[in-house]
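Asks: So that you have it, the file is final-v2.txt, and it contains compact mmCIF, C-alpha atoms and all ligand atoms:
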```txt
# COMPACT_ATOMS: atom_id res chain seq x y z
CA MET A 1 105.31 -52.02 -35.78
CA GLU A 2 107.56 -49.85 -37.91
CA GLY A 3 111.18 -50.85 -38.38
CA ILE A 4 110.74 -54.57 -37.83
CA GLU A 5 109.00 -57.11 -40.04
CA ASP A 6 105.74 -58.50 -38.64
CA ARG A 7 107.05 -61.99 -39.21
CA VAL A 8 110.20 -61.34 -37.15
CA LEU A 9 108.22 -59.70 -34.34
CA MET A 10 105.71 -62.56 -34.28
CA ASP A 11 108.59 -64.98 -34.12
CA ILE A 12 110.12 -63.17 -31.12
CA LEU A 13 106.76 -63.11 -29.35
CA SER A 14 105.98 -66.74 -30.16
CA ARG A 15 109.23 -67.77 -28.55
CA ALA A 16 108.36 -65.64 -25.52
CA VAL A 17 104.74 -66.61 -24.88
CA GLY A 18 103.98 -69.45 -27.31
CA PRO A 19 102.31 -69.26 -30.74
CA GLU A 20 98.72 -69.22 -29.40
CA ARG A 21 99.29 -66.24 -27.16
CA ALA A 22 101.69 -64.33 -29.40
CA PRO A 23 98.88 -62.45 -31.27
CA ILE A 24 97.78 -60.89 -27.94
CA ALA A 25 101.24 -59.42 -27.41
CA PHE A 26 101.51 -58.49 -31.09
CA ASP A 27 98.26 -56.46 -30.89
CA ALA A 28 99.34 -54.81 -27.64
CA LEU A 29 102.52 -53.59 -29.30
CA SER A 30 100.46 -51.57 -31.78
CA GLN A 31 98.69 -49.72 -28.92
CA ALA A 32 100.06 -46.69 -27.07
CA PRO A 33 102.22 -47.55 -24.04
CA SER A 34 100.91 -46.77 -20.56
CA THR A 35 102.44 -44.12 -18.30
CA SER A 36 103.17 -44.84 -14.68
CA VAL A 37 104.88 -43.20 -11.76
CA ARG A 38 106.12 -44.39 -8.39
CA TYR A 39 105.76 -41.84 -5.67
CA ASN A 40 108.21 -41.18 -2.89
CA PRO A 41 106.54 -42.16 0.41
CA PHE A 42 109.11 -40.09 2.32
CA LYS A 43 107.81 -36.98 0.55
CA LEU A 44 104.21 -37.67 -0.53
CA SER A 45 101.34 -39.59 1.03
CA SER A 46 99.50 -40.24 -2.26
CA TYR A 47 99.62 -39.39 -5.97
CA GLN A 48 96.64 -38.15 -7.98
CA LYS A 49 94.22 -40.63 -9.45
CA GLY A 50 95.09 -43.74 -11.37
CA SER A 51 95.20 -47.48 -10.89
CA VAL A 52 97.66 -49.02 -8.44
CA VAL A 53 100.46 -51.14 -9.89
CA PRO A 54 99.80 -54.73 -8.71
CA TRP A 55 103.33 -55.17 -7.30
CA ASN A 56 104.01 -51.73 -5.89
CA LYS A 57 101.64 -49.86 -3.59
CA TYR A 58 103.36 -46.58 -4.49
CA GLY A 59 103.12 -47.28 -8.23
CA VAL A 60 100.28 -45.61 -10.12
CA ILE A 61 99.27 -46.15 -13.76
CA LEU A 62 97.96 -42.88 -15.14
CA ALA A 63 95.08 -42.40 -17.55
CA GLU A 64 97.17 -40.03 -19.67
CA ARG A 65 100.73 -38.74 -19.79
CA PRO A 66 101.08 -35.32 -18.13
CA ARG A 67 103.90 -32.93 -19.03
CA PHE A 68 106.07 -33.96 -16.11
CA VAL A 69 108.67 -31.29 -16.78
CA MET A 70 106.04 -28.63 -15.97
CA ASP A 71 105.21 -30.13 -12.58
CA PRO A 72 107.37 -28.72 -9.74
CA LEU A 73 106.67 -31.86 -7.67
CA PHE A 74 108.48 -33.92 -10.29
CA HIS A 75 111.57 -31.75 -9.72
CA ALA A 76 111.08 -32.00 -5.96
CA GLY A 77 111.58 -35.79 -6.09
CA CYS A 78 108.02 -36.49 -5.01
CA TYR A 79 107.70 -39.18 -7.69
CA TYR A 80 109.71 -40.94 -10.36
CA VAL A 81 108.37 -41.82 -13.80
CA GLN A 82 108.91 -45.55 -14.20
CA ASP A 83 107.31 -48.24 -16.30
CA SER A 84 105.04 -50.44 -14.18
CA SER A 85 106.68 -53.66 -15.41
CA ALA A 86 110.10 -52.41 -14.32
CA MET A 87 108.69 -52.05 -10.80
CA VAL A 88 108.46 -55.83 -10.49
CA VAL A 89 112.20 -55.94 -9.79
CA GLY A 90 111.72 -53.91 -6.62
CA HIS A 91 108.92 -56.26 -5.59
CA ILE A 92 111.11 -59.36 -5.87
CA PHE A 93 113.78 -57.53 -3.87
CA ARG A 94 111.28 -56.63 -1.09
CA GLU A 95 110.01 -60.18 -0.90
CA HIS A 96 113.50 -61.33 0.09
CA LEU A 97 114.48 -58.69 2.64
CA ASP A 98 113.72 -60.97 5.61
CA ASP A 99 117.02 -62.68 4.86
CA PHE A 100 118.84 -59.60 6.11
CA ALA A 101 116.86 -58.80 9.25
CA SER A 102 119.53 -59.88 11.73
CA LEU A 103 122.92 -59.20 10.21
CA GLY A 104 124.07 -57.00 13.08
CA ARG A 105 125.37 -54.40 10.59
CA PRO A 106 123.87 -52.31 7.80
CA VAL A 107 122.63 -54.27 4.77
CA ARG A 108 124.83 -53.69 1.72
CA VAL A 109 123.25 -53.61 -1.69
CA LEU A 110 124.83 -52.99 -5.09
CA ASP A 111 122.73 -51.84 -8.03
CA LEU A 112 125.32 -52.48 -10.72
CA CYS A 113 123.71 -51.08 -13.89
CA ALA A 114 121.74 -48.31 -12.28
CA ALA A 115 121.23 -45.30 -14.58
CA PRO A 116 118.94 -43.46 -14.80
CA GLY A 117 117.87 -44.64 -11.36
CA GLY A 118 114.43 -46.25 -11.59
CA LYS A 119 115.35 -49.40 -9.70
CA THR A 120 117.72 -47.55 -7.37
CA THR A 121 115.04 -45.19 -6.07
CA ASP A 122 112.65 -48.11 -5.58
CA LEU A 123 115.29 -50.18 -3.72
CA ALA A 124 116.14 -47.19 -1.51
CA VAL A 125 112.54 -46.85 -0.35
CA SER A 126 112.22 -50.55 0.44
CA LEU A 127 115.50 -50.55 2.36
CA ARG A 128 114.60 -47.47 4.40
CA GLU A 129 111.12 -48.74 5.17
CA ARG A 130 112.53 -52.05 6.34
CA PHE A 131 115.85 -51.12 7.98
CA GLY A 132 115.59 -47.41 8.74
CA ASP A 133 119.08 -45.99 8.42
CA GLY A 134 120.65 -49.45 8.56
CA PHE A 135 121.62 -49.89 4.93
CA GLN A 136 124.08 -48.81 2.31
CA LEU A 137 123.00 -48.81 -1.32
CA VAL A 138 125.66 -48.40 -3.99
CA ALA A 139 124.22 -47.32 -7.32
CA ASN A 140 126.73 -47.80 -10.12
CA GLU A 141 126.69 -46.82 -13.76
CA VAL A 142 129.67 -47.41 -16.00
CA MET A 143 128.85 -44.73 -18.61
CA ARG A 144 130.00 -41.38 -17.22
CA ASN A 145 127.28 -39.21 -18.75
CA ARG A 146 124.58 -41.60 -17.58
CA ALA A 147 126.19 -41.79 -14.14
CA SER A 148 125.79 -38.06 -13.67
CA VAL A 149 122.09 -38.32 -14.55
CA LEU A 150 121.88 -41.13 -12.00
CA ALA A 151 123.60 -38.98 -9.37
CA ASP A 152 121.12 -36.15 -10.01
CA ASN A 153 118.14 -38.48 -9.79
CA VAL A 154 119.45 -39.97 -6.56
CA ALA A 155 119.97 -36.49 -5.11
CA ILE A 156 116.50 -35.38 -6.13
CA TRP A 157 114.94 -38.54 -4.65
CA GLY A 158 116.72 -37.57 -1.46
CA ASP A 159 117.83 -40.71 0.35
CA PRO A 160 121.15 -39.96 2.09
CA ASN A 161 122.27 -43.61 2.20
CA VAL A 162 122.72 -43.97 -1.54
CA ILE A 163 126.28 -43.80 -2.85
CA VAL A 164 126.84 -43.34 -6.58
CA THR A 165 129.85 -44.77 -8.40
CA SER A 166 130.83 -44.91 -12.05
CA CYS A 167 132.94 -48.03 -12.44
CA ASP A 168 133.35 -50.90 -14.79
CA PRO A 169 131.74 -54.00 -13.20
CA LYS A 170 135.24 -55.50 -12.93
CA ALA A 171 136.17 -52.88 -10.32
CA PHE A 172 133.76 -54.49 -7.88
CA SER A 173 135.83 -57.64 -7.76
CA LYS A 174 138.08 -55.67 -5.36
CA LEU A 175 135.26 -55.82 -2.81
CA GLU A 176 135.23 -59.57 -2.32
CA GLY A 177 132.11 -60.84 -0.59
CA PHE A 178 131.10 -57.30 0.41
CA PHE A 179 127.50 -57.13 -0.78
CA ASP A 180 124.47 -58.96 0.58
CA VAL A 181 122.51 -58.28 -2.59
CA VAL A 182 123.66 -57.44 -6.11
CA VAL A 183 121.08 -56.24 -8.62
CA VAL A 184 122.08 -56.60 -12.26
CA ASP A 185 119.56 -54.82 -14.47
CA ALA A 186 121.56 -55.68 -17.52
CA PRO A 187 121.91 -53.82 -20.81
CA CYS A 188 120.00 -55.99 -23.27
CA SER A 189 118.52 -56.23 -26.75
CA GLY A 190 115.55 -54.22 -25.50
CA GLU A 191 112.69 -56.15 -27.12
CA GLY A 192 110.49 -55.21 -24.20
CA MET A 193 110.96 -51.54 -25.11
CA PHE A 194 109.97 -51.85 -28.78
CA ARG A 195 106.75 -49.91 -28.18
CA LYS A 196 108.48 -47.03 -26.40
CA ASP A 197 111.90 -46.82 -27.94
CA PRO A 198 112.33 -46.79 -31.77
CA LYS A 199 116.09 -47.16 -31.25
CA ALA A 200 115.54 -50.59 -29.67
CA VAL A 201 113.73 -51.66 -32.86
CA GLU A 202 116.39 -50.16 -35.09
CA ASP A 203 119.27 -51.85 -33.26
CA TRP A 204 117.65 -55.28 -33.03
CA SER A 205 119.14 -58.25 -34.87
CA PRO A 206 119.79 -61.90 -33.97
CA GLU A 207 123.50 -60.99 -33.82
CA ALA A 208 122.77 -58.17 -31.35
CA VAL A 209 120.95 -60.67 -29.14
CA ASP A 210 124.01 -62.94 -29.13
CA LEU A 211 126.31 -60.02 -28.35
CA CYS A 212 124.07 -58.92 -25.49
CA ALA A 213 123.92 -62.42 -24.03
CA ALA A 214 127.73 -62.64 -24.07
CA ARG A 215 128.12 -59.18 -22.53
CA GLN A 216 125.62 -60.03 -19.78
CA LYS A 217 127.64 -63.12 -18.85
CA ARG A 218 130.75 -60.97 -18.65
CA ILE A 219 129.00 -58.44 -16.40
CA LEU A 220 127.69 -61.19 -14.13
CA ALA A 221 131.09 -62.85 -13.88
CA ASP A 222 132.85 -59.54 -13.22
CA ALA A 223 130.53 -58.54 -10.39
CA TRP A 224 130.23 -62.03 -8.93
CA PRO A 225 133.18 -61.92 -6.46
CA SER A 226 131.62 -58.91 -4.72
CA LEU A 227 128.56 -60.92 -3.64
CA ARG A 228 128.95 -62.79 -0.37
CA GLN A 229 128.16 -66.45 0.03
CA ASN A 230 124.39 -66.88 0.61
CA GLY A 231 123.88 -63.38 -0.77
CA LEU A 232 121.25 -62.74 -3.42
CA LEU A 233 121.64 -61.81 -7.05
CA ILE A 234 118.66 -60.25 -8.77
CA TYR A 235 119.02 -60.42 -12.52
CA SER A 236 116.72 -58.52 -14.84
CA THR A 237 116.46 -57.43 -18.46
CA CYS A 238 113.83 -55.79 -20.61
CA THR A 239 113.96 -58.40 -23.35
CA PHE A 240 112.07 -61.62 -24.08
CA GLU A 241 115.10 -63.49 -25.39
CA GLU A 242 115.71 -66.80 -23.69
CA ALA A 243 119.47 -66.51 -24.37
CA GLU A 244 119.58 -63.27 -22.37
CA ASN A 245 117.20 -64.47 -19.66
CA ASP A 246 116.77 -68.09 -18.53
CA SER A 247 119.96 -69.26 -20.23
CA ASN A 248 122.07 -66.63 -18.49
CA VAL A 249 120.49 -67.39 -15.13
CA GLU A 250 121.20 -71.09 -15.61
CA TRP A 251 124.74 -70.29 -16.71
CA THR A 252 125.24 -68.20 -13.55
CA ALA A 253 123.93 -71.01 -11.37
CA SER A 254 126.12 -73.69 -12.91
CA GLU A 255 129.27 -71.74 -13.79
CA LEU A 256 129.49 -69.20 -10.99
CA GLY A 257 127.91 -71.23 -8.19
CA ALA A 258 124.35 -70.33 -7.22
CA GLU A 259 120.89 -71.79 -6.89
CA VAL A 260 117.85 -70.27 -8.49
CA ALA A 261 115.52 -69.20 -5.68
CA ASP A 262 112.01 -70.67 -5.73
CA TYR A 263 109.48 -68.00 -6.41
CA GLU A 264 105.99 -68.23 -7.83
CA TYR A 265 106.15 -65.42 -10.38
CA SER A 266 102.77 -66.42 -11.83
CA SER A 267 101.16 -65.35 -8.54
CA LEU A 268 101.69 -61.79 -9.78
CA SER A 269 98.86 -60.59 -11.99
CA GLY A 270 99.66 -61.27 -15.67
CA VAL A 271 103.25 -62.38 -15.06
CA ILE A 272 104.33 -65.46 -17.00
CA GLN A 273 106.41 -68.11 -15.25
CA ALA A 274 109.58 -68.74 -17.24
CA ARG A 275 112.09 -71.53 -16.43
CA THR A 276 114.02 -69.47 -13.90
CA GLY A 277 112.09 -66.23 -13.47
CA GLY A 278 109.10 -64.10 -14.30
CA LEU A 279 108.41 -62.66 -17.74
CA LEU A 280 106.24 -59.60 -18.25
CA VAL A 281 104.84 -59.13 -21.73
CA PRO A 282 102.64 -56.26 -23.03
CA GLY A 283 99.09 -57.50 -23.53
CA PHE A 284 99.40 -59.65 -20.40
CA VAL A 285 100.46 -56.75 -18.18
CA GLN A 286 99.83 -53.03 -18.64
CA GLY A 287 103.49 -52.07 -18.86
CA GLU A 288 106.36 -52.98 -21.16
CA GLY A 289 108.50 -56.12 -21.35
CA GLN A 290 110.63 -57.23 -18.41
CA PHE A 291 112.30 -60.37 -17.09
CA VAL A 292 113.40 -60.91 -13.50
CA SER A 293 114.99 -63.78 -11.62
CA ILE A 294 116.64 -64.24 -8.23
CA LEU A 295 119.53 -66.49 -7.28
CA ARG A 296 121.31 -67.31 -4.04
CA LYS A 297 125.09 -67.60 -4.19
CA THR A 298 126.33 -70.98 -3.00
CA ALA A 299 129.99 -70.55 -3.92
CA PRO A 300 132.38 -69.38 -1.21
CA ALA A 301 133.41 -65.74 -1.28
CA GLY A 302 136.00 -63.58 0.46
CA SER A 303 134.98 -61.03 3.05
CA THR A 304 135.84 -57.35 2.59
CA LYS A 305 134.67 -55.31 5.58
CA ASN A 306 134.91 -51.75 4.27
CA GLY A 307 136.07 -50.21 1.11
CA ILE A 308 133.66 -48.24 -1.02
CA GLU A 309 136.28 -45.44 -1.07
CA VAL A 310 138.43 -47.50 -3.45
CA LEU A 311 135.70 -46.99 -6.04
CA ARG A 312 135.95 -43.19 -5.76
CA PRO A 313 132.22 -42.42 -5.51
CA ILE A 314 130.91 -39.50 -7.52
CA ARG A 315 128.33 -39.01 -4.80
CA ASN A 316 129.16 -40.24 -1.33
CA GLY A 317 125.81 -39.93 0.39
CA LEU A 318 124.37 -36.51 1.15
CA GLU A 319 126.67 -33.50 1.02
CA LYS A 320 124.89 -30.78 2.99
CA GLY A 321 126.89 -27.90 1.55
CA VAL A 322 130.31 -26.35 1.24
CA THR A 323 132.22 -23.84 3.34
CA LYS A 324 133.47 -20.82 1.41
CA GLY A 325 135.55 -18.48 3.55
CA ARG A 326 133.39 -17.79 6.59
CA ASP A 327 130.18 -18.81 4.82
CA PHE A 328 128.50 -22.17 4.74
CA ILE A 329 126.59 -22.54 1.45
CA PRO A 330 123.86 -25.16 1.83
CA SER A 331 123.47 -27.52 -1.14
CA ALA A 332 120.33 -27.98 -3.22
CA ASP A 333 120.59 -31.67 -2.34
CA TRP A 334 120.11 -30.92 1.34
CA ALA A 335 116.85 -29.12 0.60
CA LEU A 336 115.76 -32.06 -1.57
CA SER A 337 116.74 -34.71 0.95
CA ILE A 338 114.07 -36.68 2.79
CA ASP A 339 115.12 -34.78 5.93
CA PRO A 340 115.42 -31.16 4.73
CA PRO A 341 116.73 -28.54 7.17
CA LEU A 342 113.43 -26.72 7.62
CA ASP A 343 114.36 -26.03 11.25
CA LYS A 344 117.57 -24.24 10.18
CA TYR A 345 116.46 -22.11 7.25
CA PRO A 346 113.21 -20.20 6.67
CA ALA A 347 110.94 -21.70 4.03
CA VAL A 348 109.10 -19.67 1.39
CA GLU A 349 106.15 -21.08 -0.49
CA LEU A 350 106.13 -20.31 -4.25
CA ASP A 351 103.19 -20.36 -6.62
CA ARG A 352 103.45 -22.73 -9.60
CA ASP A 353 104.66 -20.08 -12.03
CA THR A 354 107.38 -18.79 -9.69
CA ALA A 355 108.40 -22.36 -8.81
CA LEU A 356 108.89 -23.14 -12.51
CA ARG A 357 110.87 -19.93 -12.99
CA PHE A 358 113.08 -20.94 -10.04
CA LEU A 359 113.63 -24.34 -11.68
CA HIS A 360 114.39 -22.55 -14.95
CA ARG A 361 117.05 -20.66 -12.97
CA ASP A 362 115.48 -17.28 -13.62
CA GLY A 363 115.80 -14.46 -11.13
CA ILE A 364 112.86 -14.66 -8.75
CA PHE A 365 111.97 -12.51 -5.74
CA VAL A 366 109.24 -12.54 -3.14
CA GLU A 367 108.89 -9.43 -0.91
CA GLY A 368 109.06 -9.49 2.87
CA GLN A 369 111.43 -12.43 3.46
CA PRO A 370 114.38 -12.49 5.88
CA GLU A 371 117.87 -12.03 4.42
CA GLY A 372 120.16 -15.01 3.98
CA PHE A 373 119.51 -18.53 2.72
CA LEU A 374 115.88 -19.53 2.20
CA ILE A 375 114.37 -22.87 1.22
CA VAL A 376 111.89 -22.41 -1.59
CA CYS A 377 108.95 -24.80 -1.63
CA PHE A 378 106.03 -25.75 -3.82
CA GLU A 379 102.96 -27.14 -2.04
CA GLY A 380 105.19 -27.52 1.01
CA HIS A 381 107.85 -29.56 -0.82
CA PRO A 382 111.38 -28.12 -0.91
CA LEU A 383 112.79 -27.39 -4.37
CA GLY A 384 116.13 -25.87 -3.36
CA PHE A 385 117.78 -22.76 -1.95
CA VAL A 386 117.92 -19.08 -2.79
CA LYS A 387 120.01 -16.44 -1.04
CA ASN A 388 118.15 -13.27 -0.21
CA ILE A 389 120.63 -10.40 -0.47
CA GLY A 390 118.09 -7.65 0.18
CA LYS A 391 116.61 -6.35 -3.04
CA ARG A 392 117.03 -9.60 -4.95
CA TRP A 393 117.55 -13.32 -4.55
CA ASN A 394 120.42 -15.39 -5.90
CA ASN A 395 119.00 -18.52 -7.44
CA LEU A 396 121.03 -21.52 -6.20
CA HIS A 397 119.32 -24.14 -8.37
CA PRO A 398 122.11 -26.24 -9.98
CA GLN A 399 122.83 -25.21 -13.54
CA ASN A 400 122.83 -28.79 -14.86
CA ARG A 401 119.37 -29.47 -13.42
CA ARG A 402 117.64 -26.43 -14.81
CA ILE A 403 114.51 -26.84 -16.90
CA ARG A 404 115.73 -26.27 -20.43
CA ILE A 405 112.48 -25.58 -22.22
CA ASP A 406 110.99 -22.11 -22.73
CA LEU A 407 108.39 -21.45 -20.09
N1 LIG B 1 118.52 -49.97 -13.75
C1 LIG B 1 118.23 -48.81 -14.57
C2 LIG B 1 116.92 -48.21 -14.14
O1 LIG B 1 116.06 -48.93 -13.60
O2 LIG B 1 116.72 -47.00 -14.28
C3 LIG B 1 118.24 -49.16 -16.04
C4 LIG B 1 119.52 -49.81 -16.47
S1 LIG B 1 119.67 -50.15 -18.18
C5 LIG B 1 118.61 -51.48 -18.40
C6 LIG B 1 121.24 -50.87 -18.29
C7 LIG B 1 122.41 -49.99 -17.93
O3 LIG B 1 123.62 -50.74 -18.10
C8 LIG B 1 122.54 -48.75 -18.81
O4 LIG B 1 122.52 -47.60 -18.02
C9 LIG B 1 123.90 -48.92 -19.49
O5 LIG B 1 124.61 -47.72 -19.64
C10 LIG B 1 124.62 -49.86 -18.57
N2 LIG B 1 125.70 -50.63 -19.25
C11 LIG B 1 125.98 -50.65 -20.56
N3 LIG B 1 127.04 -51.45 -20.80
C12 LIG B 1 127.44 -51.92 -19.61
C13 LIG B 1 128.50 -52.77 -19.19
N4 LIG B 1 129.36 -53.30 -20.07
N5 LIG B 1 128.62 -53.03 -17.87
C14 LIG B 1 127.76 -52.50 -16.99
N6 LIG B 1 126.73 -51.70 -17.32
C15 LIG B 1 126.58 -51.41 -18.61
```
What does the file become when written as structure tokens?

Replies:
Amino acid sequence: MEGIEDRVLMDILSRAVGPERAPIAFDALSQAPSTSVRYNPFKLSSYQKGSVVPWNKYGVILAERPRFVMDPLFHAGCYYVQDSSAMVVGHIFREHLDDFASLGRPVRVLDLCAAPGGKTTDLAVSLRERFGDGFQLVANEVMRNRASVLADNVAIWGDPNVIVTSCDPKAFSKLEGFFDVVVVDAPCSGEGMFRKDPKAVEDWSPEAVDLCAARQKRILADAWPSLRQNGLLIYSTCTFEEAENDSNVEWTASELGAEVADYEYSSLSGVIQARTGGLLVPGFVQGEGQFVSILRKTAPAGSTKNGIEVLRPIRNGLEKGVTKGRDFIPSADWALSIDPPLDKYPAVELDRDTALRFLHRDGIFVEGQPEGFLIVCFEGHPLGFVKNIGKRWNNLHPQNRRIRIDL
């Protein structure tokens, strides 16, 4: 692998899977990575052909990588492109949802390091399938520019119960004991992404690993007060480093007050049982590297009843539109939501070329449609709104979401 000495890489892998098995991972890292998607069951009933991800029935590993940007269904939130290993986090979450079946109030989940939204969109599906409307999922991302990508991806996915914030983890300490589950998909040294991300290779050093491990502890400690007693913490990284994985989980258990939940990670095809969690390593699984563990908080916690407003969400659930003078202008997000207003606005089916031109924010027009707001669709899936003003349509696709390549 370019950018890192074979000896150093072999050393990393030996520590992860043992010296006998390290060559398997080493060889896998010289192969092309797989491509996988997770489809949105509230929008699609299946997705093309491919093999099903062992831990997600909506996850599909594709034979080759399509040009997603040229597929209108990608922009309609019908699926999300996500590495199959990363989907294991959603599986561990689902396996523990029984804990929250009889709370007598909506389940509250915080996805603390959420951009660009892979785990968030997976968690949202599991929560809706299990609890209907009875949940609140806060997706947070501290970096502003990444938070706006997260907000777009959440809007496109279309679940109205997802709130997006952009706060430092420390801000959540204001919400003492508020969350039933906190997911920390921590920034890490990224060894598991070496095959996909040259920057992860470039930035790697033993010192970077130490810095990451220290930062992860800080993030865990900062978010900790917001988890209620007996609530669950799911901790994940995409690195193989013990200092960032097992050691941090053990530190959380002993220093913050939690017990590591029993879970047989090796029951999942190709997943390696680590001391406190499951480790996914290329060569043993089809996807990239990932670590996941789950803990139950034993320490006492305060109890905040309400209060997401204090975090000033950048997206506070679904905003259906805005009133301008006497007009109500419906939002693109409403059309993209899992419950689009097809009973309120006429829908117009577009062919692929016109759909792409709509997404490119070009002027498009289809004869014979009623005046006013129209929902434009591709293969029956809403893409957004246009306003028919007679001889032309105003394209209401958001500027920041437009396809930027030449068609
Ligand atoms: N969960 C995301 C997904 O599945 O799409 C991936 C999250 S990525 C592994 C880690 C995230 O943590 C990045 O978006 C990064 O910007 C964010 N981050 C970086 N430094 C952070 C910090 N000090 N506190 C909290 N989050 C941080």

Asks: Neighbours of ligand LIG 1 (chain B) within 7 Å, counting only C-alpha atoms and all ligand atoms, as an mmCIF file with C-alpha atoms, in the coordinates of the input?

Replies:
```
data_model
loop_
_atom_site.group_PDB
_atom_site.id
_atom_site.type_symbol
_atom_site.label_atom_id
_atom_site.label_comp_id
_atom_site.auth_asym_id
_atom_site.auth_seq_id
_atom_site.Cartn_x
_atom_site.Cartn_y
_atom_site.Cartn_z
ATOM 1 C CA ALA A 86 110.100 -52.410 -14.320
ATOM 2 C CA LEU A 112 125.320 -52.480 -10.720
ATOM 3 C CA CYS A 113 123.710 -51.080 -13.890
ATOM 4 C CA ALA A 114 121.740 -48.310 -12.280
ATOM 5 C CA ALA A 115 121.230 -45.300 -14.580
ATOM 6 C CA PRO A 116 118.940 -43.460 -14.800
ATOM 7 C CA GLY A 117 117.870 -44.640 -11.360
ATOM 8 C CA GLY A 118 114.430 -46.250 -11.590
ATOM 9 C CA LYS A 119 115.350 -49.400 -9.700
ATOM 10 C CA THR A 120 117.720 -47.550 -7.370
ATOM 11 C CA GLU A 141 126.690 -46.820 -13.760
ATOM 12 C CA VAL A 142 129.670 -47.410 -16.000
ATOM 13 C CA MET A 143 128.850 -44.730 -18.610
ATOM 14 C CA ARG A 146 124.580 -41.600 -17.580
ATOM 15 C CA ASP A 168 133.350 -50.900 -14.790
ATOM 16 C CA PRO A 169 131.740 -54.000 -13.200
ATOM 17 C CA ASP A 185 119.560 -54.820 -14.470
ATOM 18 C CA ALA A 186 121.560 -55.680 -17.520
ATOM 19 C CA PRO A 187 121.910 -53.820 -20.810
ATOM 20 C CA CYS A 188 120.000 -55.990 -23.270
ATOM 21 C CA ARG A 215 128.120 -59.180 -22.530
ATOM 22 C CA ILE A 219 129.000 -58.440 -16.400
ATOM 23 C CA THR A 237 116.460 -57.430 -18.460
ATOM 24 C CA CYS A 238 113.830 -55.790 -20.610
#
```

Asks: Please, what distance in Å, to one decimal, runs between CA of Leu350 in chain A and CA of Asn388 in chain A?

Replies: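 Interatomic distance here is 14.5 Å.
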
Asks: Of the residues A:Met87, A:Ala124, A:Val52, A:Ala332, which is the one nearest to Glu319 in chain A, using all atoms listed in the file?

Replies: A:Ala332

Asks: Please compute the CA of Lys49 in chain A-CA of Ile403 in chain A distance, one decimal, in Å.

Replies: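 Going from CA of Lys49 in chain A over to CA of Ile403 in chain A, I get 25.6 Å.
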
Asks: Between A:Phe26, A:Trp251, A:Phe194, A:Trp393, which residue has the minimum interatomic distance to Ala221 in chain A, considering all atoms listed in the file?

Replies: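 Between A:Phe26, A:Trp251, A:Phe194, A:Trp393, the residue approaching Ala221 in chain A most closely is A:Trp251.
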
Asks: What is the CA of Phe74 in chain A-CA of Asp133 in chain A distance in Å, reported with one decimal?

Replies: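 One can read the CA of Phe74 in chain A to CA of Asp133 in chain A distance as 24.7 Å.
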
Asks: I'd like to know which of A:Thr276, A:Asn316, A:Gln216, A:Thr239 is closest to Leu13 in chain A, using only C-alpha atoms.

Replies: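 Among A:Thr276, A:Asn316, A:Gln216, A:Thr239, it is A:Thr239 that comes nearest to Leu13 in chain A.
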
Asks: Excluding same-chain residues fewer than 3 positions from Val37 in chain A, what lies within 10 Å of it counting all atoms listed in the file, as a CSV table (one decimal) with C-alpha atoms, in the frame of the given file?

Replies:
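Okay, this is what ended up in out_10.csv:
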```csv
chain,number,residue,atom,x,y,z
A,40,ASN,CA,108.2,-41.2,-2.9
A,47,TYR,CA,99.6,-39.4,-6.0
A,50,GLY,CA,95.1,-43.7,-11.4
A,52,VAL,CA,97.7,-49.0,-8.4
A,53,VAL,CA,100.5,-51.1,-9.9
A,58,TYR,CA,103.4,-46.6,-4.5
A,59,GLY,CA,103.1,-47.3,-8.2
A,60,VAL,CA,100.3,-45.6,-10.1
A,61,ILE,CA,99.3,-46.2,-13.8
A,62,LEU,CA,98.0,-42.9,-15.1
A,79,TYR,CA,107.7,-39.2,-7.7
A,80,TYR,CA,109.7,-40.9,-10.4
A,81,VAL,CA,108.4,-41.8,-13.8
A,82,GLN,CA,108.9,-45.6,-14.2
A,83,ASP,CA,107.3,-48.2,-16.3
A,84,SER,CA,105.0,-50.4,-14.2
A,87,MET,CA,108.7,-52.0,-10.8
```

Asks: Dump as CSV the rows for residues of range 21-109 of chain A within 8 Å of range 352-371 of chain A: closest atom pair and distance in Å with one decimal, only C-alpha atoms counted, ordered by chain and rising residue number.

Replies:
```
residue,atom,partner,partner_atom,distance
A:Met70,CA,A:Leu356,CA,7.1
A:Asp71,CA,A:Leu356,CA,7.9
A:Pro72,CA,A:Leu356,CA,6.4
A:His75,CA,A:Leu359,CA,7.9
```

Asks: Excluding range 2-6 of chain A and any residue of its chain fewer than 4 positions from it, enumerate the residues within 7 Å of it, using all atoms listed in the file, and give them as a PDB file with C-alpha atoms, keeping the file's coordinate frame.

Replies:
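selection39.pdb, written as the output of this step:
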```pdb
ATOM      1  CA  MET A  10     105.710 -62.560 -34.280  1.00  0.00           C
ATOM      2  CA  VAL A 201     113.730 -51.660 -32.860  1.00  0.00           C
ATOM      3  CA  GLU A 202     116.390 -50.160 -35.090  1.00  0.00           C
TER       4      GLU A 202
END
```

Asks: So that I can see what lies close to Val285 in chain A, please list as a list in words the residues with an atom at most 9 Å from it, counting all atoms listed in the file and leaving out residues fewer than 5 positions away in the same chain.

Replies: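 Contacts, with the query itself left out: Ser84, Ser85, Ser269, Gly270, Val271 and Leu280 of chain A.
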
Asks: Taking only C-alpha atoms into account, which of A:Pro206, A:Gly177, A:Gly277, A:Gly134 comes nearest Val8 in chain A?

Replies: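 The closest residue to Val8 in chain A is A:Pro206.
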
Asks: Padding 4 Å on each side, edges along x, y and z: where is the centre of the box around the listed atoms of range 46-57 of chain A, and how long are its edges in Å to one decimal? Output it as lines of an AutoDock Vina configuration file.

Replies:
```
center_x = 99.1
center_y = -46.7
center_z = -6.8
size_x = 17.8
size_y = 25.0
size_z = 17.1
```
